[in-house]
$ cat query-v4.tsv   # TSV, C-alpha atoms
chain	number	residue	atom	x	y	z
A	1	MET	CA	26.89	-27.30	-12.27
A	2	VAL	CA	27.84	-26.69	-8.66
A	3	THR	CA	29.79	-29.60	-7.19
A	4	LEU	CA	30.37	-31.07	-3.73
A	5	PRO	CA	33.84	-29.43	-3.44
A	6	ASP	CA	32.16	-26.06	-4.12
A	7	VAL	CA	29.75	-26.60	-1.24
A	8	GLN	CA	32.47	-27.92	1.07
A	9	ALA	CA	34.64	-24.89	0.28
A	10	ALA	CA	31.69	-22.62	1.00
A	11	LEU	CA	31.17	-24.24	4.39
A	12	GLY	CA	34.84	-23.78	5.25
A	13	ARG	CA	34.53	-20.14	4.20
A	14	ILE	CA	31.40	-19.25	6.18
A	15	ARG	CA	31.36	-21.73	9.08
A	16	ASP	CA	32.70	-19.31	11.69
A	17	ARG	CA	30.18	-16.61	10.74
A	18	ILE	CA	27.03	-18.76	10.53
A	19	TYR	CA	25.03	-20.37	13.32
A	20	LEU	CA	25.04	-24.17	13.29
A	21	SER	CA	21.28	-24.57	13.48
A	22	PRO	CA	19.90	-27.60	15.35
A	23	CYS	CA	18.38	-30.59	13.59
A	24	ALA	CA	16.47	-32.37	16.34
A	25	ARG	CA	13.98	-35.22	16.19
A	26	THR	CA	10.37	-34.31	16.87
A	27	GLU	CA	8.14	-36.96	18.39
A	28	THR	CA	4.87	-35.15	17.62
A	29	LEU	CA	5.62	-34.61	13.93
A	30	SER	CA	6.89	-38.19	13.70
A	31	ARG	CA	3.47	-39.43	14.84
A	32	LEU	CA	1.61	-37.08	12.49
A	33	SER	CA	3.69	-37.94	9.44
A	34	GLY	CA	4.36	-41.64	10.03
A	35	THR	CA	8.09	-40.97	9.75
A	36	SER	CA	11.01	-40.44	12.07
A	37	ALA	CA	10.90	-36.68	11.61
A	38	PHE	CA	13.60	-34.08	12.23
A	39	LEU	CA	13.46	-30.29	11.95
A	40	LYS	CA	16.44	-28.33	10.61
A	41	LEU	CA	15.77	-24.94	12.22
A	42	GLU	CA	17.26	-22.38	9.84
A	43	ASN	CA	14.76	-19.86	11.21
A	44	LEU	CA	17.21	-19.48	14.12
A	45	GLN	CA	19.91	-17.84	12.00
A	46	MET	CA	20.84	-14.26	12.90
A	47	THR	CA	18.69	-12.82	10.09
A	48	GLY	CA	15.96	-15.41	10.57
A	49	SER	CA	16.64	-17.58	7.51
A	50	TYR	CA	19.14	-19.75	5.62
A	51	LYS	CA	19.57	-17.01	3.00
A	52	GLU	CA	22.56	-15.45	4.71
A	53	ARG	CA	24.63	-18.54	3.88
A	54	GLY	CA	24.58	-17.91	0.14
A	55	ALA	CA	24.81	-14.15	0.57
A	56	LEU	CA	27.92	-14.44	2.77
A	57	ASN	CA	29.60	-16.94	0.45
A	58	THR	CA	29.00	-14.61	-2.50
A	59	LEU	CA	30.34	-11.58	-0.64
A	60	LEU	CA	33.47	-13.41	0.46
A	61	LEU	CA	34.15	-14.52	-3.12
A	62	ALA	CA	33.50	-11.07	-4.61
A	63	GLY	CA	36.52	-9.10	-5.77
A	64	GLU	CA	37.56	-5.75	-4.32
A	65	ALA	CA	36.24	-3.92	-7.38
A	66	GLU	CA	32.81	-5.55	-7.03
A	67	ARG	CA	32.61	-4.63	-3.37
A	68	ALA	CA	33.79	-1.08	-3.99
A	69	ARG	CA	30.97	-0.45	-6.47
A	70	GLY	CA	28.41	-1.44	-3.86
A	71	LEU	CA	25.88	-4.26	-3.97
A	72	ILE	CA	22.29	-4.44	-5.11
A	73	ALA	CA	19.80	-7.25	-4.56
A	74	ALA	CA	16.10	-7.93	-5.09
A	75	SER	CA	14.24	-9.83	-2.42
A	76	ALA	CA	10.93	-10.31	-0.65
A	77	GLY	CA	12.87	-10.09	2.59
A	78	ASN	CA	15.18	-12.93	3.60
A	79	HIS	CA	17.82	-12.59	0.89
A	80	ALA	CA	17.65	-8.84	1.52
A	81	GLN	CA	18.44	-9.26	5.19
A	82	GLY	CA	21.22	-11.75	4.50
A	83	VAL	CA	22.93	-9.44	2.01
A	84	ALA	CA	22.40	-6.34	4.16
A	85	TYR	CA	23.63	-7.98	7.37
A	86	HIS	CA	26.86	-9.43	5.98
A	87	ALA	CA	27.53	-6.44	3.72
A	88	GLY	CA	27.34	-4.27	6.81
A	89	ARG	CA	29.74	-6.55	8.70
A	90	LEU	CA	32.20	-6.39	5.81
A	91	GLY	CA	31.86	-2.63	5.33
A	92	VAL	CA	30.21	-2.87	1.90
A	93	LYS	CA	27.35	-0.58	0.82
A	94	ALA	CA	24.14	-2.40	-0.14
A	95	THR	CA	20.92	-1.39	-1.89
A	96	ILE	CA	17.92	-3.70	-1.62
A	97	VAL	CA	14.85	-3.55	-3.87
A	98	MET	CA	11.81	-5.09	-2.19
A	99	PRO	CA	8.20	-5.52	-3.39
A	100	GLU	CA	5.81	-2.92	-2.02
A	101	SER	CA	3.85	-5.73	-0.29
A	102	THR	CA	6.87	-6.89	1.74
A	103	PRO	CA	5.93	-7.25	5.44
A	104	ILE	CA	6.90	-4.18	7.46
A	105	MET	CA	9.08	-6.23	9.79
A	106	LYS	CA	11.29	-7.46	6.93
A	107	VAL	CA	11.70	-3.94	5.57
A	108	ALA	CA	12.56	-2.55	9.01
A	109	ASN	CA	15.04	-5.34	9.78
A	110	THR	CA	16.80	-4.91	6.44
A	111	ARG	CA	17.08	-1.16	6.89
A	112	ALA	CA	18.42	-1.72	10.43
A	113	HIS	CA	21.41	-3.56	8.94
A	114	GLY	CA	22.38	-0.36	7.13
A	115	ALA	CA	21.06	-1.04	3.64
A	116	ARG	CA	19.33	1.48	1.39
A	117	ILE	CA	15.78	0.24	0.76
A	118	VAL	CA	13.87	0.76	-2.50
A	119	LEU	CA	10.25	-0.42	-2.47
A	120	HIS	CA	9.09	-1.19	-6.00
A	121	GLY	CA	6.53	-3.42	-7.69
A	122	ALA	CA	3.74	-5.73	-6.64
A	123	ASN	CA	5.87	-8.88	-6.46
A	124	TYR	CA	9.43	-10.21	-6.49
A	125	ASP	CA	9.71	-10.25	-10.27
A	126	GLU	CA	8.88	-6.56	-10.59
A	127	ALA	CA	11.35	-5.76	-7.80
A	128	TYR	CA	13.95	-7.86	-9.62
A	129	ALA	CA	13.46	-5.90	-12.84
A	130	GLU	CA	13.94	-2.60	-10.97
A	131	ALA	CA	17.09	-3.93	-9.27
A	132	ARG	CA	18.54	-4.85	-12.65
A	133	ARG	CA	17.75	-1.35	-13.92
A	134	LEU	CA	19.49	0.25	-10.94
A	135	GLU	CA	22.45	-2.11	-11.40
A	136	GLN	CA	23.06	-0.59	-14.82
A	137	ALA	CA	22.11	2.98	-13.94
A	138	GLU	CA	24.31	3.19	-10.83
A	139	GLY	CA	27.07	0.71	-11.71
A	140	LEU	CA	26.28	-1.62	-8.80
A	141	THR	CA	27.15	-5.31	-8.33
A	142	PHE	CA	24.05	-7.51	-8.47
A	143	VAL	CA	23.69	-10.37	-5.99
A	144	HIS	CA	21.13	-12.84	-7.31
A	145	PRO	CA	18.90	-14.52	-4.71
A	146	PHE	CA	19.14	-18.00	-6.23
A	147	ASP	CA	20.45	-18.30	-9.81
A	148	ASP	CA	24.17	-17.98	-9.01
A	149	PRO	CA	26.65	-20.81	-8.33
A	150	ARG	CA	28.08	-18.97	-5.32
A	151	ILE	CA	24.60	-18.65	-3.83
A	152	ILE	CA	23.78	-22.30	-4.54
A	153	ALA	CA	27.04	-23.46	-2.95
A	154	GLY	CA	26.37	-21.36	0.14
A	155	GLN	CA	22.84	-22.69	0.53
A	156	GLY	CA	24.15	-26.21	0.04
A	157	THR	CA	25.96	-25.96	3.37
A	158	VAL	CA	22.57	-26.69	4.98
A	159	GLY	CA	22.74	-30.12	3.35
A	160	LEU	CA	26.25	-30.79	4.65
A	161	GLU	CA	25.14	-29.94	8.18
A	162	ILE	CA	22.09	-32.21	7.92
A	163	LEU	CA	24.29	-35.14	6.92
A	164	GLU	CA	26.56	-34.46	9.89
A	165	GLN	CA	23.62	-34.20	12.28
A	166	VAL	CA	21.47	-37.06	10.89
A	167	PRO	CA	24.01	-39.28	9.06
A	168	GLU	CA	21.44	-41.95	8.09
A	169	VAL	CA	18.81	-39.53	6.79
A	170	ASP	CA	16.51	-41.10	4.17
A	171	ALA	CA	14.74	-37.97	2.89
A	172	ILE	CA	15.17	-34.20	3.02
A	173	LEU	CA	12.17	-31.97	2.37
A	174	VAL	CA	13.22	-28.58	1.01
A	175	PRO	CA	11.15	-25.45	0.29
A	176	ILE	CA	11.46	-24.30	-3.34
A	177	GLY	CA	10.98	-20.79	-4.67
A	178	GLY	CA	13.68	-19.97	-7.20
A	179	GLY	CA	15.43	-23.23	-6.32
A	180	GLY	CA	18.73	-22.12	-4.76
A	181	LEU	CA	18.31	-24.02	-1.49
A	182	ALA	CA	16.99	-27.18	-3.14
A	183	SER	CA	19.83	-27.12	-5.67
A	184	GLY	CA	22.55	-26.69	-3.07
A	185	VAL	CA	21.14	-29.25	-0.63
A	186	ALA	CA	20.68	-31.78	-3.43
A	187	VAL	CA	24.29	-31.30	-4.66
A	188	ALA	CA	25.69	-31.97	-1.19
A	189	ALA	CA	23.33	-34.73	-0.13
A	190	LYS	CA	23.36	-36.73	-3.35
A	191	ALA	CA	27.17	-36.66	-3.55
A	192	LEU	CA	27.66	-37.94	0.00
A	193	ARG	CA	24.57	-40.15	0.33
A	194	PRO	CA	23.22	-41.01	-3.15
A	195	GLU	CA	20.26	-42.94	-1.77
A	196	VAL	CA	18.82	-39.95	0.09
A	197	ARG	CA	15.52	-38.74	-1.36
A	198	ILE	CA	15.28	-35.01	-2.03
A	199	VAL	CA	11.71	-33.71	-2.00
A	200	GLY	CA	11.07	-30.14	-3.09
A	201	VAL	CA	7.97	-28.39	-1.69
A	202	GLU	CA	6.16	-25.50	-3.35
A	203	THR	CA	2.93	-23.65	-2.68
A	204	GLU	CA	0.21	-24.85	-5.03
A	205	VAL	CA	-0.62	-21.19	-5.70
A	206	LEU	CA	2.69	-20.57	-7.51
A	207	PRO	CA	4.52	-23.83	-8.37
A	208	SER	CA	7.10	-22.31	-10.73
A	209	MET	CA	9.68	-25.11	-10.51
A	210	LEU	CA	7.07	-27.83	-10.98
A	211	ALA	CA	5.76	-25.98	-14.03
A	212	ALA	CA	9.32	-25.71	-15.36
A	213	LEU	CA	9.89	-29.45	-15.00
A	214	GLU	CA	6.61	-30.23	-16.75
A	215	ALA	CA	7.48	-27.84	-19.60
A	216	GLY	CA	11.12	-28.95	-19.82
A	217	ARG	CA	12.34	-25.38	-19.29
A	218	PRO	CA	11.68	-22.42	-16.95
A	219	VAL	CA	8.34	-20.80	-17.70
A	220	THR	CA	6.77	-17.63	-16.33
A	221	LEU	CA	3.58	-18.05	-14.32
A	222	GLU	CA	0.97	-15.43	-13.58
A	223	PRO	CA	1.60	-13.61	-10.28
A	224	ALA	CA	-0.36	-14.83	-7.28
A	225	SER	CA	-0.72	-13.88	-3.64
A	226	THR	CA	0.40	-16.48	-1.11
A	227	ILE	CA	1.09	-16.77	2.58
A	228	ALA	CA	4.46	-18.21	1.53
A	229	ASP	CA	5.73	-14.91	0.12
A	230	GLY	CA	9.37	-15.97	0.46
A	231	ILE	CA	8.93	-18.57	-2.31
A	232	ALA	CA	6.50	-16.56	-4.44
A	233	VAL	CA	8.66	-16.64	-7.58
A	234	LYS	CA	6.96	-16.61	-10.98
A	235	ARG	CA	9.89	-18.16	-12.85
A	236	ALA	CA	12.45	-20.70	-11.72
A	237	GLY	CA	16.12	-19.95	-12.33
A	238	ASP	CA	17.91	-21.37	-15.36
A	239	LEU	CA	20.85	-22.67	-13.32
A	240	THR	CA	18.69	-23.94	-10.49
A	241	PHE	CA	16.35	-25.64	-12.97
A	242	ASP	CA	19.24	-27.75	-14.27
A	243	HIS	CA	20.22	-28.76	-10.74
A	244	VAL	CA	16.67	-29.57	-9.65
A	245	ARG	CA	15.92	-31.52	-12.84
A	246	ARG	CA	18.98	-33.74	-12.31
A	247	LEU	CA	19.09	-34.10	-8.54
A	248	VAL	CA	15.66	-33.53	-6.93
A	249	ASP	CA	13.58	-36.72	-6.82
A	250	GLU	CA	10.12	-35.23	-6.44
A	251	ILE	CA	8.31	-31.91	-6.12
A	252	VAL	CA	5.06	-31.72	-4.18
A	253	THR	CA	2.74	-28.81	-3.48
A	254	VAL	CA	0.82	-27.71	-0.37
A	255	SER	CA	-2.23	-25.49	-0.03
A	256	GLU	CA	-2.49	-22.15	1.74
A	257	GLU	CA	-4.61	-23.75	4.47
A	258	GLU	CA	-2.01	-26.47	4.99
A	259	ILE	CA	0.78	-23.90	5.25
A	260	ALA	CA	-1.17	-21.91	7.82
A	261	SER	CA	-1.80	-25.08	9.82
A	262	ALA	CA	1.90	-25.92	9.73
A	263	ILE	CA	2.81	-22.43	11.02
A	264	LEU	CA	0.36	-22.89	13.89
A	265	TYR	CA	1.64	-26.42	14.59
A	266	LEU	CA	5.25	-25.22	14.77
A	267	LEU	CA	4.28	-22.39	17.08
A	268	GLU	CA	2.08	-24.41	19.41
A	269	LYS	CA	3.77	-27.82	19.46
A	270	GLU	CA	7.40	-27.23	18.48
A	271	LYS	CA	7.69	-23.78	20.13
A	272	THR	CA	9.30	-22.25	17.06
A	273	VAL	CA	8.21	-19.42	14.74
A	274	ALA	CA	8.16	-20.04	10.99
A	275	GLU	CA	7.07	-17.88	8.09
A	276	GLY	CA	4.92	-19.30	5.32
A	277	ALA	CA	7.83	-20.28	3.07
A	278	GLY	CA	9.64	-21.73	6.07
A	279	ALA	CA	6.73	-23.99	6.97
A	280	VAL	CA	5.98	-25.62	3.60
A	281	ALA	CA	8.26	-28.63	4.18
A	282	VAL	CA	6.56	-29.27	7.52
A	283	ALA	CA	3.16	-28.90	5.83
A	284	ALA	CA	4.17	-31.54	3.29
A	285	LEU	CA	5.20	-33.93	6.07
A	286	MET	CA	2.08	-33.29	8.14
A	287	ASN	CA	-0.17	-34.00	5.15
A	288	ARG	CA	1.96	-36.90	3.84
A	289	ARG	CA	2.38	-35.30	0.42
A	290	ALA	CA	5.54	-37.24	-0.48
A	291	ALA	CA	5.13	-40.95	-1.14
A	292	GLY	CA	7.21	-43.71	0.39
A	293	LEU	CA	8.44	-41.92	3.52
A	294	GLU	CA	6.56	-43.99	6.09
A	295	GLY	CA	8.93	-45.27	8.75
A	296	ARG	CA	11.90	-43.45	7.20
A	297	ARG	CA	14.13	-40.71	8.66
A	298	ALA	CA	12.90	-37.45	7.15
A	299	VAL	CA	14.34	-33.97	7.71
A	300	ALA	CA	12.10	-30.96	7.04
A	301	ILE	CA	14.00	-27.71	6.58
A	302	VAL	CA	12.32	-24.82	8.40
A	303	SER	CA	13.95	-22.28	6.13
A	304	GLY	CA	12.85	-18.99	7.71
A	305	GLY	CA	11.00	-17.36	10.58
A	306	ASN	CA	10.47	-13.78	9.45
A	307	ILE	CA	6.71	-13.51	9.71
A	308	ASP	CA	4.63	-10.42	10.45
A	309	VAL	CA	3.05	-10.63	13.91
A	310	ASN	CA	-0.31	-9.48	12.55
A	311	LEU	CA	-0.30	-12.44	10.18
A	312	VAL	CA	0.59	-14.74	13.08
A	313	ALA	CA	-2.43	-13.43	14.98
A	314	ARG	CA	-4.73	-14.14	12.02
A	315	ILE	CA	-3.28	-17.63	11.56
A	316	ILE	CA	-3.74	-18.45	15.22
A	317	GLU	CA	-7.33	-17.26	15.20
A	318	ARG	CA	-8.12	-19.13	11.99
A	319	GLY	CA	-6.45	-22.26	13.37
A	320	LEU	CA	-8.51	-22.10	16.54
A	321	VAL	CA	-11.68	-21.87	14.45
A	322	LYS	CA	-10.64	-24.83	12.31
A	323	ASP	CA	-9.90	-26.94	15.39
A	324	GLY	CA	-13.19	-26.00	16.99
A	325	ARG	CA	-11.50	-24.19	19.85
A	326	LEU	CA	-13.07	-20.91	18.77
A	327	VAL	CA	-16.67	-21.11	17.62
A	328	ARG	CA	-19.52	-18.75	16.80
A	329	VAL	CA	-23.10	-19.89	17.45
A	330	SER	CA	-26.50	-18.30	16.89
A	331	VAL	CA	-29.30	-18.92	19.41
A	332	ALA	CA	-32.93	-17.94	18.79
A	333	LEU	CA	-34.61	-16.64	21.98
A	334	THR	CA	-37.98	-15.30	23.00
A	335	ASP	CA	-37.55	-11.64	23.86
A	336	LYS	CA	-38.14	-11.90	27.61
A	337	PRO	CA	-36.04	-10.97	30.64
A	338	GLY	CA	-33.66	-13.66	31.89
A	339	GLN	CA	-33.18	-15.53	28.61
A	340	LEU	CA	-29.56	-14.45	28.22
A	341	ALA	CA	-28.82	-15.55	31.80
A	342	LYS	CA	-30.29	-19.02	31.14
A	343	VAL	CA	-28.17	-19.54	28.02
A	344	SER	CA	-25.10	-18.26	29.86
A	345	ALA	CA	-25.72	-20.73	32.67
A	346	ILE	CA	-25.80	-23.66	30.22
A	347	ILE	CA	-22.57	-22.49	28.61
A	348	ALA	CA	-20.88	-22.07	32.00
A	349	HIS	CA	-22.05	-25.53	33.11
A	350	HIS	CA	-20.35	-27.07	30.08
A	351	ARG	CA	-17.13	-25.12	30.74
A	352	ALA	CA	-17.10	-23.02	27.58
A	353	ASN	CA	-15.85	-19.45	27.79
A	354	VAL	CA	-17.77	-16.52	26.28
A	355	ILE	CA	-15.50	-14.21	24.24
A	356	GLU	CA	-18.08	-11.99	22.55
A	357	VAL	CA	-21.84	-11.44	22.70
A	358	HIS	CA	-24.04	-9.83	20.04
A	359	HIS	CA	-27.75	-9.44	20.80
A	360	THR	CA	-30.13	-8.27	18.05
A	361	ARG	CA	-33.89	-8.09	17.46
A	362	ALA	CA	-33.82	-6.78	13.89
A	363	PHE	CA	-32.63	-10.02	12.30
A	364	ALA	CA	-34.78	-12.47	14.28
A	365	THR	CA	-36.86	-14.85	12.13
A	366	ARG	CA	-40.08	-14.14	14.05
A	367	PHE	CA	-41.47	-10.93	15.46
A	368	GLY	CA	-41.09	-10.92	19.23
A	369	ASP	CA	-37.98	-13.07	19.12
A	370	THR	CA	-34.35	-12.06	19.41
A	371	THR	CA	-31.12	-13.56	18.09
A	372	LEU	CA	-28.10	-14.11	20.28
A	373	GLN	CA	-24.74	-14.57	18.56
A	374	LEU	CA	-21.96	-15.85	20.80
A	375	THR	CA	-18.26	-16.33	20.16
A	376	LEU	CA	-17.01	-19.07	22.47
A	377	GLU	CA	-13.74	-20.64	23.52
A	378	THR	CA	-14.04	-24.43	23.72
A	379	ARG	CA	-11.85	-27.52	24.04
A	380	GLY	CA	-12.44	-28.66	20.48
A	381	LEU	CA	-15.00	-30.03	18.02
A	382	GLU	CA	-16.43	-32.66	20.40
A	383	HIS	CA	-16.92	-30.03	23.08
A	384	VAL	CA	-18.76	-27.81	20.56
A	385	GLN	CA	-21.18	-30.64	19.66
A	386	GLU	CA	-21.75	-31.39	23.35
A	387	LEU	CA	-22.64	-27.74	23.97
A	388	LEU	CA	-24.95	-27.47	20.95
A	389	GLN	CA	-26.76	-30.64	22.01
A	390	ALA	CA	-27.25	-29.31	25.54
A	391	LEU	CA	-28.81	-26.10	24.22
A	392	ARG	CA	-31.14	-28.00	21.88
A	393	GLU	CA	-32.25	-30.29	24.68
A	394	ARG	CA	-33.36	-27.18	26.57
A	395	GLY	CA	-35.53	-26.19	23.61
A	396	TYR	CA	-33.31	-23.58	21.99
A	397	GLN	CA	-32.93	-23.26	18.21
A	398	VAL	CA	-29.17	-23.06	17.77
A	399	GLN	CA	-26.77	-23.28	14.85
A	400	GLN	CA	-23.04	-23.09	14.40
A	401	LEU	CA	-21.89	-20.20	12.18
A	402	GLY	CA	-18.87	-20.13	9.90
A	403	ILE	CA	-17.07	-23.35	9.05

$ encode --input "query-v4.tsv" --output "structure tokens"
Amino acid sequence: MVTLPDVQAALGRIRDRIYLSPCARTETLSRLSGTSAFLKLENLQMTGSYKERGALNTLLLAGEAERARGLIAASAGNHAQGVAYHAGRLGVKATIVMPESTPIMKVANTRAHGARIVLHGANYDEAYAEARRLEQAEGLTFVHPFDDPRIIAGQGTVGLEILEQVPEVDAILVPIGGGGLASGVAVAAKALRPEVRIVGVETEVLPSMLAALEAGRPVTLEPASTIADGIAVKRAGDLTFDHVRRLVDEIVTVSEEEIASAILYLLEKEKTVAEGAGAVAVAALMNRRAAGLEGRRAVAIVSGGNIDVNLVARIIERGLVKDGRLVRVSVALTDKPGQLAKVSAIIAHHRANVIEVHHTRAFATRFGDTTLQLTLETRGLEHVQELLQALRERGYQVQQLGI
């Protein structure tokens, strides 16, 4: 088991090379969650995630022979960047095996740090197997992303910083994939403030640590696609399982829709960019997944911000639809001149903005009619209902499409 002195030694070792990320109170999230909420912004690290803490601690503890052989790691992106960045700074060669589905940005950023990139497999576990094969074939030194005491101790430095920044914290919500961050944070927090509640958060699509706790041992789940690719691990670590079982108070899960909403919330309200895995703790707070936190000081760790901009665009658009700020309506019209202008005038009067217009005769319900499909920008769900009612009062058959 990793101990508090291990984590404290790791912090002393890496402190000068790691950004002290802020942990500020957020009024908006406090209102949403019913807590006094704080955000620990690890997405502001140089490589965009907390992962470089454990990677740097491991590199600094590695012997000269291990470094000379060169390093190899398997990662969906953040561990890869952490290893590549600090290996480059220390003059050590690094090879990173990444799943073929890894976002382009993460691959490009890792390569930019000087690492050799090998794309292999459909998910982390297949990339991990290939990395282990290359470790033996090329005599490289493997750096595990989570199931290593040096990694756990390095990640635990996040917990030490939280306790310095919010000394009376009551709960810390931690994303869980393999369990390295949750293990390290729990070691540090429980040793210094035993009453603090540690809540692990997983995606409900792939809850490998929760399944391990229910089975009493790590089990392998079927692979699944998730927006939280950074915690898409089919099997929890053996070492991290022991730490989580002893020190983490509760594990909760969040849905894909809730994660996407949390990403949009962080972008729009908190002005910070988070990837799916980085937003799960915020999603859990927003949806009050953990019991007994009302009125308490709760810190949500935003563990990473390396998200593909195309995915951000899709999340924003989907979020606007869900909030009613982007809506698609279908209006049945008689096929006569001026009808489009009349509908447009009603929309303009109610201050909605037309984004897209599709006019078709072929799919009208009656011969001689036409169907007008409009994509509109509105102020929200109430505004949409106001607009639909105004069109119906003028005699138009109108329906909202989509959700």

$ atom_distance --input "query-v4.tsv" --atom1 "CA of Val97 in chain A" --atom2 "CA of Ala279 in chain A"
24.5 Å

$ residues_around --input "query-v4.tsv" --residues "range 269-278 of chain A" --least-positions-apart "2" --cutoff "9 Å" --atoms "all atoms listed in the file" --output "PyMOL selection string"
chain A and resi 26+28-29+41-44+49+175-177+202-203+226-232+256+259-260+262-267+280-282+301-308+312

$ closest_atom_pairs --input "query-v4.tsv" --of "range 279-333 of chain A" --to "range 340-358 of chain A" --cutoff "10 Å" --atoms "all atoms listed in the file" --output "JSON lines"
{"residue": "A:Arg325", "atom": "CA", "partner": "A:Ala352", "partner_atom": "CA", "distance": 9.6}
{"residue": "A:Leu326", "atom": "CA", "partner": "A:Ile355", "partner_atom": "CA", "distance": 9.0}
{"residue": "A:Val327", "atom": "CA", "partner": "A:Ile355", "partner_atom": "CA", "distance": 9.6}
{"residue": "A:Arg328", "atom": "CA", "partner": "A:Glu356", "partner_atom": "CA", "distance": 9.0}
{"residue": "A:Ser330", "atom": "CA", "partner": "A:His358", "partner_atom": "CA", "distance": 9.4}
{"residue": "A:Val331", "atom": "CA", "partner": "A:Val343", "partner_atom": "CA", "distance": 8.7}
{"residue": "A:Leu333", "atom": "CA", "partner": "A:Leu340", "partner_atom": "CA", "distance": 8.3}

$ atom_distance --input "query-v4.tsv" --atom1 "CA of Arg17 in chain A" --atom2 "CA of Leu192 in chain A"
24.0 Å

$ closest_residue --input "query-v4.tsv" --among "A:Leu391, A:Val143, A:Leu285, A:Val199" --to "Ala73 in chain A" --atoms "only C-alpha atoms"
A:Val143

$ atom_distance --input "query-v4.tsv" --atom1 "CA of Gly338 in chain A" --atom2 "CA of Leu388 in chain A"
19.7 Å

$ closest_residue --input "query-v4.tsv" --among "A:His120, A:Lys40, A:Arg53, A:Lys234" --to "Leu134 in chain A" --atoms "only C-alpha atoms"
A:His120

$ closest_residue --input "query-v4.tsv" --among "A:Leu56, A:Leu387, A:Val2, A:Leu401" --to "Asp16 in chain A" --atoms "only C-alpha atoms"
A:Leu56

$ residues_around --input "query-v4.tsv" --residues "range 88-92 of chain A" --least-positions-apart "4" --cutoff "8 Å" --atoms "all atoms listed in the file" --output "list in words"
Arg67, Ala68, Gly70, Leu71, Ala84, His113, Gly114 and Ala115 of chain A

$ closest_residue --input "query-v4.tsv" --among "A:Leu59, A:Leu160, A:Ile104, A:Met209" --to "Tyr85 in chain A" --atoms "only C-alpha atoms"
A:Leu59

$ residues_around --input "query-v4.tsv" --residues "Thr58 in chain A" --least-positions-apart "6" --cutoff "10 Å" --atoms "only C-alpha atoms" --output "ChimeraX atom specification"
/A:10,52,83,143-144,148-154

$ axis_aligned_box --input "query-v4.tsv" --around "range 187-206 of chain A" --padding-each-side "3 Å" --output "AutoDock Vina command-line options"
--center_x 13.5 --center_y -31.8 --center_z -3.6 --size_x 34.3 --size_y 28.4 --size_z 13.8

$ closest_residue --input "query-v4.tsv" --among "A:Gly178, A:Pro167, A:Gly121, A:Pro5" --to "Val299 in chain A" --atoms "only C-alpha atoms"
A:Pro167

$ build_atoms --input "query-v4.tsv" --residues "range 170-179 of chain A" --atoms "N, CA, C and O atoms" --output "PDB file, in the frame of the given file"
ATOM      1  N   ASP A 170      17.064 -40.455   5.375  1.00  0.00           N
ATOM      2  CA  ASP A 170      16.510 -41.100   4.170  1.00  0.00           C
ATOM      3  C   ASP A 170      15.887 -40.089   3.209  1.00  0.00           C
ATOM      4  O   ASP A 170      15.819 -40.336   2.001  1.00  0.00           O
ATOM      5  N   ALA A 171      15.395 -38.967   3.746  1.00  0.00           N
ATOM      6  CA  ALA A 171      14.740 -37.970   2.890  1.00  0.00           C
ATOM      7  C   ALA A 171      14.919 -36.583   3.483  1.00  0.00           C
ATOM      8  O   ALA A 171      14.910 -36.415   4.705  1.00  0.00           O
ATOM      9  N   ILE A 172      15.089 -35.607   2.610  1.00  0.00           N
ATOM     10  CA  ILE A 172      15.170 -34.200   3.020  1.00  0.00           C
ATOM     11  C   ILE A 172      14.103 -33.444   2.252  1.00  0.00           C
ATOM     12  O   ILE A 172      14.066 -33.480   1.017  1.00  0.00           O
ATOM     13  N   LEU A 173      13.233 -32.769   2.979  1.00  0.00           N
ATOM     14  CA  LEU A 173      12.170 -31.970   2.370  1.00  0.00           C
ATOM     15  C   LEU A 173      12.605 -30.505   2.379  1.00  0.00           C
ATOM     16  O   LEU A 173      12.903 -29.950   3.439  1.00  0.00           O
ATOM     17  N   VAL A 174      12.637 -29.895   1.194  1.00  0.00           N
ATOM     18  CA  VAL A 174      13.220 -28.580   1.010  1.00  0.00           C
ATOM     19  C   VAL A 174      12.215 -27.616   0.380  1.00  0.00           C
ATOM     20  O   VAL A 174      11.635 -27.935  -0.666  1.00  0.00           O
ATOM     21  N   PRO A 175      11.999 -26.443   0.959  1.00  0.00           N
ATOM     22  CA  PRO A 175      11.150 -25.450   0.290  1.00  0.00           C
ATOM     23  C   PRO A 175      11.791 -25.009  -1.033  1.00  0.00           C
ATOM     24  O   PRO A 175      13.014 -24.890  -1.125  1.00  0.00           O
ATOM     25  N   ILE A 176      10.960 -24.770  -2.036  1.00  0.00           N
ATOM     26  CA  ILE A 176      11.460 -24.300  -3.340  1.00  0.00           C
ATOM     27  C   ILE A 176      10.728 -23.033  -3.750  1.00  0.00           C
ATOM     28  O   ILE A 176       9.498 -22.992  -3.793  1.00  0.00           O
ATOM     29  N   GLY A 177      11.493 -21.995  -4.034  1.00  0.00           N
ATOM     30  CA  GLY A 177      10.980 -20.790  -4.670  1.00  0.00           C
ATOM     31  C   GLY A 177      11.696 -20.687  -6.006  1.00  0.00           C
ATOM     32  O   GLY A 177      11.286 -21.249  -7.018  1.00  0.00           O
ATOM     33  N   GLY A 178      12.841 -19.998  -6.004  1.00  0.00           N
ATOM     34  CA  GLY A 178      13.680 -19.970  -7.200  1.00  0.00           C
ATOM     35  C   GLY A 178      14.492 -21.242  -7.364  1.00  0.00           C
ATOM     36  O   GLY A 178      14.925 -21.582  -8.462  1.00  0.00           O
ATOM     37  N   GLY A 179      14.744 -21.940  -6.244  1.00  0.00           N
ATOM     38  CA  GLY A 179      15.430 -23.230  -6.320  1.00  0.00           C
ATOM     39  C   GLY A 179      16.847 -23.260  -5.807  1.00  0.00           C
ATOM     40  O   GLY A 179      17.516 -24.294  -5.901  1.00  0.00           O
TER      41      GLY A 179
END
